[in-house]
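Data file: upload_13.tsv. Format and content: TSV, C-alpha atoms.
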chain	number	residue	atom	x	y	z
E	1	MET	CA	148.19	128.85	-178.89
E	2	GLY	CA	151.08	131.24	-178.36
E	3	ASN	CA	151.23	134.90	-179.14
E	4	SER	CA	151.87	134.75	-182.86
E	5	GLY	CA	148.25	134.94	-184.01
E	6	SER	CA	147.37	137.54	-186.58
E	7	LYS	CA	143.79	137.60	-185.36
E	8	ILE	CA	144.74	139.17	-182.04
E	9	SER	CA	145.00	142.96	-182.22
E	10	SER	CA	146.72	145.28	-179.81
E	11	GLN	CA	143.28	146.33	-178.60
E	12	ASP	CA	142.55	142.71	-177.73
E	13	ARG	CA	145.72	142.61	-175.67
E	14	ALA	CA	144.78	145.82	-173.90
E	15	ILE	CA	141.35	144.43	-173.07
E	16	LEU	CA	142.92	141.24	-171.79
E	17	ASP	CA	145.25	143.27	-169.57
E	18	MET	CA	142.31	145.15	-168.09
E	19	LYS	CA	140.31	142.00	-167.56
E	20	ASN	CA	143.25	140.29	-165.91
E	21	GLN	CA	143.54	143.29	-163.63
E	22	ARG	CA	139.87	142.93	-162.81
E	23	ASP	CA	140.34	139.22	-162.06
E	24	LYS	CA	143.21	140.08	-159.71
E	25	LEU	CA	141.04	142.55	-157.86
E	26	LYS	CA	138.31	139.94	-157.54
E	27	GLN	CA	140.77	137.41	-156.19
E	28	TYR	CA	142.03	140.04	-153.78
E	29	GLN	CA	138.48	140.66	-152.63
E	30	LYS	CA	138.02	136.97	-152.01
E	31	LYS	CA	141.14	136.96	-149.90
E	32	ILE	CA	139.98	139.96	-147.87
E	33	THR	CA	136.59	138.37	-147.32
E	34	VAL	CA	138.30	135.30	-145.91
E	35	ILE	CA	140.43	137.51	-143.63
E	36	THR	CA	137.47	139.52	-142.33
E	37	ASN	CA	135.58	136.33	-141.60
E	38	ARG	CA	138.56	135.00	-139.70
E	39	GLU	CA	138.98	138.20	-137.69
E	40	LYS	CA	135.34	138.06	-136.76
E	41	GLU	CA	135.76	134.49	-135.60
E	42	ILE	CA	138.82	135.47	-133.57
E	43	ALA	CA	136.86	138.29	-131.95
E	44	ARG	CA	134.08	135.88	-131.07
E	45	VAL	CA	136.49	133.41	-129.46
E	46	CYS	CA	138.31	136.14	-127.54
E	47	LEU	CA	135.08	137.56	-126.26
E	48	ALA	CA	134.00	134.11	-125.10
E	49	LYS	CA	137.26	133.87	-123.17
E	50	GLY	CA	136.65	137.33	-121.69
E	51	GLU	CA	139.59	138.92	-123.56
E	52	LYS	CA	137.79	142.05	-124.57
E	53	ASP	CA	140.90	143.97	-125.69
E	54	LYS	CA	141.95	141.26	-128.10
E	55	ALA	CA	138.42	141.01	-129.46
E	56	LEU	CA	138.40	144.76	-130.06
E	57	LEU	CA	141.74	144.55	-131.83
E	58	ALA	CA	140.47	141.82	-134.12
E	59	LEU	CA	137.38	143.84	-134.95
E	60	ARG	CA	139.54	146.86	-135.74
E	61	ARG	CA	141.63	144.79	-138.10
E	62	LYS	CA	138.41	143.55	-139.66
E	63	LYS	CA	137.19	147.13	-140.10
E	64	PHE	CA	140.42	148.09	-141.81
E	65	GLN	CA	140.18	145.17	-144.21
E	66	GLU	CA	136.60	146.11	-144.95
E	67	SER	CA	137.64	149.63	-145.88
E	68	LEU	CA	140.13	148.08	-148.31
E	69	LEU	CA	137.33	145.99	-149.68
E	70	SER	CA	135.15	149.00	-150.46
E	71	GLN	CA	138.13	150.73	-152.07
E	72	THR	CA	138.70	147.77	-154.34
E	73	ASP	CA	135.01	147.81	-155.16
E	74	ALA	CA	135.37	151.36	-156.46
E	75	GLN	CA	138.47	150.45	-158.42
E	76	LEU	CA	136.76	147.42	-159.83
E	77	GLU	CA	133.86	149.52	-160.99
E	78	GLN	CA	136.19	151.97	-162.72
E	79	LEU	CA	138.07	149.18	-164.39
E	80	GLU	CA	134.92	147.52	-165.60
E	81	LYS	CA	133.56	150.81	-166.93
E	82	LEU	CA	136.77	151.44	-168.81
E	83	THR	CA	136.75	147.94	-170.25
E	84	SER	CA	133.15	148.32	-171.35
E	85	ASN	CA	133.95	151.65	-172.96
E	86	VAL	CA	136.84	150.19	-174.89
E	87	GLU	CA	134.72	147.26	-176.05
E	88	PHE	CA	131.91	149.58	-177.04
E	89	SER	CA	134.29	151.83	-178.95
E	90	LEU	CA	135.52	148.82	-180.86
E	91	VAL	CA	131.94	148.03	-181.83
E	92	GLN	CA	131.45	151.65	-182.85
E	93	LYS	CA	134.57	151.49	-184.95
E	94	ASP	CA	133.12	148.50	-186.77
E	95	VAL	CA	129.85	150.34	-187.30
E	96	VAL	CA	131.62	153.39	-188.72
E	97	PHE	CA	133.66	151.15	-190.98
E	98	GLY	CA	130.47	149.47	-192.15
E	99	LEU	CA	128.82	152.81	-192.84
E	100	GLN	CA	131.87	153.95	-194.76
E	101	ARG	CA	131.78	150.86	-196.95
E	102	GLY	CA	128.07	151.25	-197.52
E	103	THR	CA	128.50	154.88	-198.55
E	104	GLU	CA	131.25	153.99	-200.97
E	105	VAL	CA	129.14	151.31	-202.60
E	106	LEU	CA	126.19	153.67	-202.80
E	107	LYS	CA	128.33	156.32	-204.44
E	108	MET	CA	129.64	153.83	-206.95
E	109	ILE	CA	126.15	152.65	-207.84
E	110	ASN	CA	124.98	156.24	-208.27
E	111	LYS	CA	127.89	156.89	-210.56
E	112	GLU	CA	127.03	153.81	-212.60
E	113	MET	CA	123.52	155.17	-212.99
E	114	GLY	CA	124.96	158.34	-214.57
E	115	GLY	CA	123.94	160.96	-212.05
E	116	LEU	CA	120.72	162.77	-211.32
E	117	ALA	CA	120.39	164.58	-214.70
E	118	ALA	CA	120.63	161.35	-216.65
E	119	VAL	CA	118.11	159.66	-214.43
E	120	GLU	CA	115.71	162.60	-214.72
E	121	LYS	CA	116.06	162.61	-218.48
E	122	MET	CA	115.47	158.89	-218.57
E	123	MET	CA	112.44	159.23	-216.33
E	124	GLU	CA	111.05	161.95	-218.60
E	125	GLU	CA	111.57	159.83	-221.66
E	126	GLY	CA	109.95	156.97	-219.91
E	127	ALA	CA	106.97	159.07	-218.98
E	128	GLU	CA	106.63	160.29	-222.52
E	129	ALA	CA	106.81	156.82	-223.92
E	130	ARG	CA	104.19	155.74	-221.42
E	131	ARG	CA	101.93	158.62	-222.43
E	132	GLU	CA	102.24	157.73	-226.05
E	133	GLN	CA	101.47	154.14	-225.27
E	134	GLU	CA	98.41	155.21	-223.32
E	135	GLU	CA	97.14	157.29	-226.22
E	136	ILE	CA	97.53	154.41	-228.60
E	137	SER	CA	95.72	152.10	-226.23
E	138	GLU	CA	92.94	154.62	-225.81
E	139	ALA	CA	92.57	154.99	-229.54
E	140	LEU	CA	92.46	151.30	-229.96
E	141	ALA	CA	90.22	150.58	-227.02
E	142	GLY	CA	87.08	152.16	-228.55
E	143	GLN	CA	87.67	150.54	-231.89
E	144	LEU	CA	86.23	147.28	-232.98
E	145	SER	CA	86.91	145.90	-236.41
E	146	ASN	CA	84.62	147.01	-239.18
E	147	GLN	CA	82.97	143.68	-239.35
E	148	GLU	CA	82.28	143.59	-235.64
E	149	GLU	CA	80.91	147.08	-235.80
E	150	ASP	CA	78.56	145.98	-238.59
E	151	GLU	CA	77.31	143.07	-236.60
E	152	VAL	CA	76.62	145.33	-233.66
E	153	GLU	CA	74.63	147.74	-235.79
E	154	ASP	CA	72.71	144.90	-237.42
E	155	GLU	CA	71.81	143.64	-234.00
E	156	LEU	CA	70.62	147.08	-233.00
E	157	GLU	CA	68.37	147.26	-236.00
E	158	ALA	CA	66.89	143.84	-235.34
E	159	LEU	CA	66.26	144.85	-231.77
E	160	GLU	CA	64.48	148.00	-232.81
E	161	ILE	CA	62.24	146.07	-235.13
E	162	GLU	CA	61.45	143.57	-232.46
E	163	MET	CA	60.54	146.25	-229.94
E	164	ASN	CA	58.59	148.61	-232.19
E	165	GLY	CA	57.11	146.09	-234.49
E	166	VAL	CA	57.36	148.67	-237.21
E	167	SER	CA	58.38	148.35	-240.80
E	168	LEU	CA	61.98	148.91	-241.75
E	169	PRO	CA	62.69	152.17	-243.41
E	170	ASP	CA	64.91	150.58	-245.99
E	171	ALA	CA	62.39	147.90	-246.88
E	172	PRO	CA	59.19	149.83	-247.48
E	173	ASN	CA	57.65	147.43	-249.96
E	174	LYS	CA	57.37	144.52	-247.67
E	175	THR	CA	54.05	143.52	-246.21
E	176	VAL	CA	53.73	144.74	-242.67
E	177	ILE	CA	52.91	142.11	-240.20
E	178	THR	CA	52.03	143.74	-236.98
E	179	ASP	CA	51.77	140.93	-234.55
E	180	GLY	CA	54.71	138.87	-233.28
E	181	ASP	CA	57.55	137.28	-235.12
E	182	LEU	CA	58.82	139.19	-237.96
E	183	PRO	CA	60.90	137.29	-240.40
E	184	ASN	CA	64.26	138.88	-240.84
E	185	THR	CA	64.43	141.22	-243.68
E	186	PRO	CA	66.16	139.36	-246.37
E	187	GLU	CA	69.27	141.09	-247.49
E	188	THR	CA	71.18	140.45	-250.58
E	189	GLU	CA	74.89	140.07	-250.48
E	190	LEU	CA	75.20	143.20	-252.47
E	191	ASP	CA	73.13	145.20	-250.03
E	192	ARG	CA	75.27	144.10	-247.17
E	193	GLU	CA	78.48	145.05	-248.92
E	194	GLN	CA	77.08	148.38	-249.80
E	195	LYS	CA	76.12	149.06	-246.22
E	196	GLN	CA	79.46	148.01	-244.91
E	197	LYS	CA	81.26	150.40	-247.16
E	198	GLU	CA	78.95	153.19	-246.19
E	199	ARG	CA	79.47	152.66	-242.49
E	200	ALA	CA	83.24	152.35	-242.78
E	201	LYS	CA	83.31	155.65	-244.53
E	202	GLN	CA	81.27	157.27	-241.78
E	203	ARG	CA	83.55	155.94	-239.10
E	204	ARG	CA	86.65	157.21	-240.86
E	205	ALA	CA	85.09	160.61	-241.05
E	206	GLN	CA	84.33	160.51	-237.34
E	207	LEU	CA	87.82	159.51	-236.46
E	208	GLN	CA	89.34	162.28	-238.52
E	209	ALA	CA	86.97	164.81	-236.98
E	210	ALA	CA	88.07	163.67	-233.54
X	211	MET	CA	124.37	122.54	-173.79
X	212	ALA	CA	124.03	125.97	-172.29
X	213	GLY	CA	121.87	126.18	-169.22
X	214	VAL	CA	122.78	122.79	-167.80
X	215	PRO	CA	122.19	123.17	-164.09
X	216	GLN	CA	125.24	122.97	-161.94
X	217	GLN	CA	125.83	119.67	-160.23
X	218	GLN	CA	124.87	119.63	-156.61
X	219	THR	CA	127.73	119.10	-154.28
X	220	ASP	CA	125.73	117.14	-151.72
X	221	SER	CA	126.23	113.45	-151.28
X	222	PHE	CA	126.48	111.15	-154.22
X	223	LYS	CA	123.98	108.32	-154.48
X	224	PHE	CA	125.85	105.11	-155.13
X	225	PRO	CA	124.15	102.40	-157.18
X	226	LYS	CA	122.98	99.17	-155.55
X	227	ILE	CA	125.81	97.20	-157.10
X	228	HIS	CA	128.23	99.35	-155.09
X	229	THR	CA	126.28	99.47	-151.84
X	230	ASP	CA	124.99	95.88	-151.64
X	231	TYR	CA	126.96	93.58	-153.92
X	232	PRO	CA	130.37	92.49	-152.56
X	233	PRO	CA	131.63	90.71	-155.75
X	234	PHE	CA	131.61	94.09	-157.48
X	235	PHE	CA	134.87	94.87	-155.65
X	236	THR	CA	136.67	91.78	-156.92
X	237	LEU	CA	137.55	91.74	-160.57
X	238	GLN	CA	135.98	88.73	-162.26
X	239	ILE	CA	138.01	86.08	-164.05
X	240	THR	CA	135.62	85.19	-166.86
X	241	ALA	CA	136.39	87.59	-169.71
X	242	SER	CA	132.80	88.53	-170.53
X	243	SER	CA	131.68	89.22	-166.95
X	244	ARG	CA	134.93	91.04	-166.28
X	245	GLN	CA	134.31	93.25	-169.30
X	246	ALA	CA	130.82	94.06	-168.07
X	247	GLN	CA	132.16	94.74	-164.59
X	248	LEU	CA	134.85	97.10	-165.88
X	249	GLU	CA	132.24	98.93	-167.87
X	250	ARG	CA	130.07	99.41	-164.78
X	251	TRP	CA	133.04	100.69	-162.81
X	252	SER	CA	133.83	103.05	-165.65
X	253	ARG	CA	130.32	104.47	-165.62
X	254	LEU	CA	130.37	104.77	-161.84
X	255	VAL	CA	133.72	106.59	-161.83
X	256	GLN	CA	132.49	108.98	-164.50
X	257	ARG	CA	129.26	109.73	-162.66
X	258	TYR	CA	131.05	110.17	-159.36
X	259	CYS	CA	133.67	112.49	-160.82
X	260	ARG	CA	131.02	114.49	-162.62
X	261	HIS	CA	129.01	114.86	-159.44
X	262	HIS	CA	131.99	116.14	-157.47
X	263	LYS	CA	133.62	117.90	-160.41
X	264	ILE	CA	136.73	115.81	-160.19
X	265	PHE	CA	138.91	116.10	-163.25
X	266	GLN	CA	142.09	114.44	-162.11
X	267	LEU	CA	141.96	111.27	-160.11
X	268	SER	CA	145.05	110.27	-158.20
X	269	ILE	CA	144.97	106.65	-157.12
X	270	VAL	CA	146.81	107.35	-153.86
X	271	ASP	CA	144.24	109.99	-152.94
X	272	TYR	CA	141.19	107.96	-153.82
X	273	GLN	CA	142.05	104.35	-153.01
X	274	ASP	CA	140.58	104.59	-149.55
X	275	LYS	CA	137.75	106.99	-150.36
X	276	GLU	CA	134.10	106.05	-150.65
X	277	LEU	CA	134.33	105.63	-154.41
X	278	PHE	CA	136.52	102.53	-154.16
X	279	LYS	CA	135.67	101.49	-150.62
X	280	ASN	CA	132.49	100.21	-149.05
X	281	SER	CA	132.85	100.29	-145.27
X	282	LYS	CA	129.50	98.60	-144.71
X	283	LEU	CA	130.52	95.55	-146.76
X	284	ASN	CA	134.14	95.94	-145.69
X	285	LYS	CA	135.16	95.81	-149.35
X	286	THR	CA	137.79	97.76	-151.26
X	287	LEU	CA	138.82	97.89	-154.87
X	288	PHE	CA	142.58	97.51	-154.64
X	289	PRO	CA	144.90	100.02	-156.31
X	290	ASP	CA	145.98	97.49	-158.94
X	291	ASP	CA	142.36	96.91	-159.83
X	292	ILE	CA	141.64	100.63	-159.87
X	293	ARG	CA	144.46	100.84	-162.39
X	294	LYS	CA	142.78	98.13	-164.47
X	295	VAL	CA	139.48	100.00	-164.36
X	296	ILE	CA	141.21	103.15	-165.57
X	297	ASP	CA	143.14	101.14	-168.18
X	298	HIS	CA	139.77	100.01	-169.46
X	299	MET	CA	138.51	103.59	-169.49
X	300	VAL	CA	141.59	104.67	-171.44
X	301	SER	CA	141.06	101.98	-174.09
X	302	GLN	CA	138.90	102.17	-177.21
X	303	ASP	CA	136.52	99.72	-175.54
X	304	GLY	CA	136.14	102.17	-172.69
X	305	GLN	CA	135.52	104.98	-175.19
X	306	GLN	CA	138.64	106.83	-174.04
X	307	ARG	CA	136.97	108.14	-170.94
X	308	ALA	CA	140.30	108.48	-169.15
X	309	GLU	CA	143.90	109.38	-169.89
X	310	TRP	CA	146.94	108.62	-167.76
X	311	LEU	CA	148.95	111.70	-166.85
X	312	THR	CA	152.24	109.81	-166.85
X	313	PRO	CA	153.35	106.32	-167.89
X	314	ALA	CA	153.68	105.56	-164.18
X	315	LYS	CA	149.86	105.46	-164.02
X	316	ALA	CA	149.65	107.27	-160.71
X	317	SER	CA	146.84	109.59	-161.70
X	318	ALA	CA	144.59	110.07	-164.68
X	319	TRP	CA	142.28	112.55	-166.31
X	320	ILE	CA	138.72	111.31	-166.02
X	321	TRP	CA	136.88	112.42	-169.11
X	322	TRP	CA	133.25	112.45	-168.02
X	323	ARG	CA	133.35	115.09	-170.70
X	324	ARG	CA	136.12	114.85	-173.24
X	325	PRO	CA	137.97	118.06	-174.20
X	326	GLU	CA	136.12	118.20	-177.52
X	327	GLU	CA	132.83	117.90	-175.61
X	328	TRP	CA	133.88	120.77	-173.37
X	329	ALA	CA	134.79	122.68	-176.51
X	330	LEU	CA	131.24	122.20	-177.81
X	331	ALA	CA	129.72	123.36	-174.51
X	332	ILE	CA	131.91	126.46	-174.37
X	333	ALA	CA	131.30	127.30	-178.03
X	334	ALA	CA	127.53	126.97	-177.49
X	335	TRP	CA	127.71	129.26	-174.46
X	336	VAL	CA	129.76	131.85	-176.37
X	337	ASP	CA	127.18	131.71	-179.15
X	338	ASP	CA	124.19	131.98	-176.83
X	339	THR	CA	125.63	134.92	-174.95
X	340	GLY	CA	126.76	136.81	-178.05
X	341	GLN	CA	130.41	136.82	-177.08
X	342	LYS	CA	131.91	136.06	-180.45
X	343	GLY	CA	134.72	138.52	-181.01
X	344	SER	CA	135.08	139.14	-177.28
X	345	VAL	CA	138.20	138.68	-175.22
X	346	LEU	CA	137.71	136.72	-172.02
X	347	THR	CA	140.20	135.71	-169.38
X	348	LEU	CA	140.44	132.00	-168.66
X	349	TYR	CA	139.81	132.89	-165.03
X	350	GLU	CA	136.46	134.48	-165.77
X	351	ILE	CA	135.32	131.48	-167.84
X	352	VAL	CA	135.99	129.21	-164.90
X	353	GLU	CA	135.27	131.51	-161.95
X	354	GLY	CA	133.21	134.38	-163.32
X	355	ASP	CA	129.64	135.11	-162.25
X	356	ALA	CA	128.52	134.83	-165.87
X	357	THR	CA	129.29	131.11	-166.08
X	358	GLU	CA	127.80	130.08	-162.75
X	359	THR	CA	124.96	128.15	-164.41
X	360	GLN	CA	127.29	126.36	-166.81
X	361	GLU	CA	128.70	122.93	-166.27
X	362	PHE	CA	132.19	124.21	-167.05
X	363	HIS	CA	132.03	126.65	-164.14
X	364	ALA	CA	134.79	125.80	-161.65
X	365	MET	CA	136.35	123.38	-164.10
X	366	ASP	CA	140.00	122.43	-164.12
X	367	MET	CA	142.16	125.08	-165.83
X	368	ASP	CA	144.18	122.50	-167.73
X	369	VAL	CA	141.02	120.85	-169.02
X	370	LEU	CA	139.75	124.26	-170.08
X	371	ARG	CA	143.01	124.81	-171.98
X	372	LYS	CA	142.60	121.45	-173.70
X	373	GLY	CA	139.04	122.33	-174.66
X	374	LEU	CA	140.08	125.73	-175.96
X	375	ALA	CA	142.90	124.09	-177.91
X	376	VAL	CA	140.23	122.06	-179.72
X	377	LEU	CA	138.37	125.28	-180.58
X	378	ALA	CA	141.62	126.92	-181.67
X	379	LYS	CA	142.30	124.05	-184.04
X	380	GLN	CA	138.86	124.62	-185.55
X	381	GLY	CA	139.63	128.31	-185.89
X	382	LYS	CA	136.90	129.26	-183.43
X	383	ALA	CA	139.14	130.66	-180.74
X	384	GLN	CA	142.62	131.84	-180.04
X	385	VAL	CA	144.39	131.70	-176.70
X	386	PHE	CA	146.92	134.44	-176.02
X	387	GLY	CA	148.69	136.29	-173.24
X	388	THR	CA	151.31	135.23	-170.76
X	389	ASP	CA	151.28	132.08	-168.69
X	390	ASP	CA	149.03	132.79	-165.74
X	391	GLN	CA	147.25	135.70	-167.37
X	392	GLN	CA	145.94	134.03	-170.44
X	393	GLY	CA	142.88	135.07	-172.29
X	394	VAL	CA	140.94	133.77	-175.22
X	395	LYS	CA	139.26	135.47	-178.12
X	396	PHE	CA	136.34	133.71	-179.76
X	397	PHE	CA	135.53	133.95	-183.46
Take the structure I supplied and represent it as structure tokens, if you would.
Amino acid sequence: MGNSGSKISSQDRAILDMKNQRDKLKQYQKKITVITNREKEIARVCLAKGEKDKALLALRRKKFQESLLSQTDAQLEQLEKLTSNVEFSLVQKDVVFGLQRGTEVLKMINKEMGGLAAVEKMMEEGAEARREQEEISEALAGQLSNQEEDEVEDELEALEIEMNGVSLPDAPNKTVITDGDLPNTPETELDREQKQKERAKQRRAQLQAA
Amino acid sequence: MAGVPQQQTDSFKFPKIHTDYPPFFTLQITASSRQAQLERWSRLVQRYCRHHKIFQLSIVDYQDKELFKNSKLNKTLFPDDIRKVIDHMVSQDGQQRAEWLTPAKASAWIWWRRPEEWALAIAAWVDDTGQKGSVLTLYEIVEGDATETQEFHAMDMDVLRKGLAVLAKQGKAQVFGTDDQQGVKFF
């Protein structure tokens, strides 16, 4: 306790003063309410006893106290408005302080990033690198290995034979069997190698043309 | 603890042991039954004080009141025995539910809530109502419209100060200002 706290600012003290003032007004209002009730009671008793003048006097006093009461109401309202304004301003001050800190941090981060030009340059470089990467991927995507490509073409040939049931152009001397299963054209190892080389050459030519 | 409905101020319902059992008003000699009896008195005093929001109990003021006197049975708990009940409440056995104001044992705080329990209730209310960082007068905590639904509404100022002192020790509040115009800031 005591007044030596560092956590209590002068604004806090000002707010406390205002709120104490408000409390005093409220206590004052309580007192007046008691008085007006008493005056009313007095008036009632006097009237019962037939003392009309005294009753009137009591009611006048009551009226006067009531006018004080409405005045204090107005003062109370003002005081409470002022207190609220001060409290709100304190909150605003905190908000502004927070914004200030945020801006500073943002500025610092921007500086660390090297400014707009550096970022733009970096973005450009990034885009370029990405483009290059895409081109490489594209080039690679259509490409199977030579061996795979051979297998694919072999399969195509076999399929053609199966569907057409015709003789192979590169094996003209074989007996043609028209109906059904055709035994696979026997291929020598040499033949196969020869073909592979041929096809690889063709593909290289295509690639260069493209 | 926020939102605890305010205690009604209408009549207190005494337990059967108080309304219909004369030996309750004579302290027993056997240690074990005496202990049990003191404990029941302690609970009754706490409940009664809570109901009527009594914080300080002066023996002179209460010795011939309904709490210690049953007119129907014509029985009274004598002041010396009231003192023994409160002594029990003060002790560890009685869970420190009372505290003598002076060594003369004329009146005592009745802790149906101990200051640290009040501190918890007030801290919870401050939290719930978003008043951390606000300055409040002690008067408005006790008498303000905003606390009307709280159990600490209309509480004893000194008990409030004790409760706030607990919060201050924990760094959750600071009391400042001059004597009768004190305020508190919550953190």
Set out as a tab-separated table a contact list for chain E and chain X with a cut-off of 12 Å, giving each residue of chain E that qualifies its closest atom pair and distance in Å to one decimal, counting only C-alpha atoms, ordered by chain and rising residue number.
residue	atom	partner	partner_atom	distance
E:Met1	CA	X:Val385	CA	5.2
E:Gly2	CA	X:Phe386	CA	5.7
E:Asn3	CA	X:Phe386	CA	5.3
E:Ser4	CA	X:Phe386	CA	8.4
E:Gly5	CA	X:Gln384	CA	7.6
E:Ser6	CA	X:Gln384	CA	9.9
E:Lys7	CA	X:Gln384	CA	7.9
E:Ile8	CA	X:Lys395	CA	7.7
E:Ser9	CA	X:Lys395	CA	10.3
E:Ser10	CA	X:Gly387	CA	11.3
E:Gln11	CA	X:Val345	CA	9.8
E:Asp12	CA	X:Val345	CA	6.4
E:Arg13	CA	X:Gly387	CA	7.4
E:Ala14	CA	X:Val345	CA	9.8
E:Ile15	CA	X:Val345	CA	6.9
E:Leu16	CA	X:Gly393	CA	6.2
E:Asp17	CA	X:Gln391	CA	8.1
E:Met18	CA	X:Thr347	CA	9.8
E:Lys19	CA	X:Thr347	CA	6.5
E:Asn20	CA	X:Gln391	CA	6.3
E:Gln21	CA	X:Gln391	CA	9.2
E:Arg22	CA	X:Glu350	CA	9.6
E:Asp23	CA	X:Tyr349	CA	7.0
E:Lys24	CA	X:Tyr349	CA	9.6
E:Lys26	CA	X:Gly354	CA	9.5
E:Gln27	CA	X:Glu353	CA	9.9
E:Lys30	CA	X:Glu353	CA	11.7
E:Thr83	CA	X:Val345	CA	10.6
E:Ser84	CA	X:Ser344	CA	11.1
E:Val86	CA	X:Ser344	CA	11.4
E:Glu87	CA	X:Ser344	CA	8.2
E:Phe88	CA	X:Ser344	CA	10.9
E:Leu90	CA	X:Ser344	CA	10.3
E:Val91	CA	X:Gly343	CA	9.9
E:Asp94	CA	X:Gly343	CA	11.6
*Do you have the atom CA of Phe235 of chain X-atom CA of Leu311 of chain X distance handy?*
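Going from atom CA of Phe235 of chain X over to atom CA of Leu311 of chain X covers 24.6 Å.
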*asked:* Which residue is closest to Ile332 of chain X? Choose from X:Phe222, X:Tyr272, X:Phe396, X:Phe265 and count all atoms listed in the file.
replied: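 Distance minimum relative to Ile332 of chain X lands on X:Phe396.
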*Point-to-point distance in Å for atom CA of Glu66 of chain E and atom CA of Thr359 of chain X*: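 Result for atom CA of Thr359 of chain X versus atom CA of Glu66 of chain E: 28.9 Å, one decimal.
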*Residue neighbourhood Thr286 of chain X, 12 Å, only C-alpha atoms, exclusion window fewer than 3 positions, as a ChimeraX atom specification*: /X:228-229,231-237,272-283,289-292
*Step by step: start from the point (133.2, 108.2, -167.9) in the file's coordinates, keep every protein, DNA or RNA residue that has an atom no farther than 10 Å from it, count all atoms listed in the file, and write the set as a VMD selection string.*
chain X and resid 249 to 260 296 299 to 300 304 to 308 320 to 324
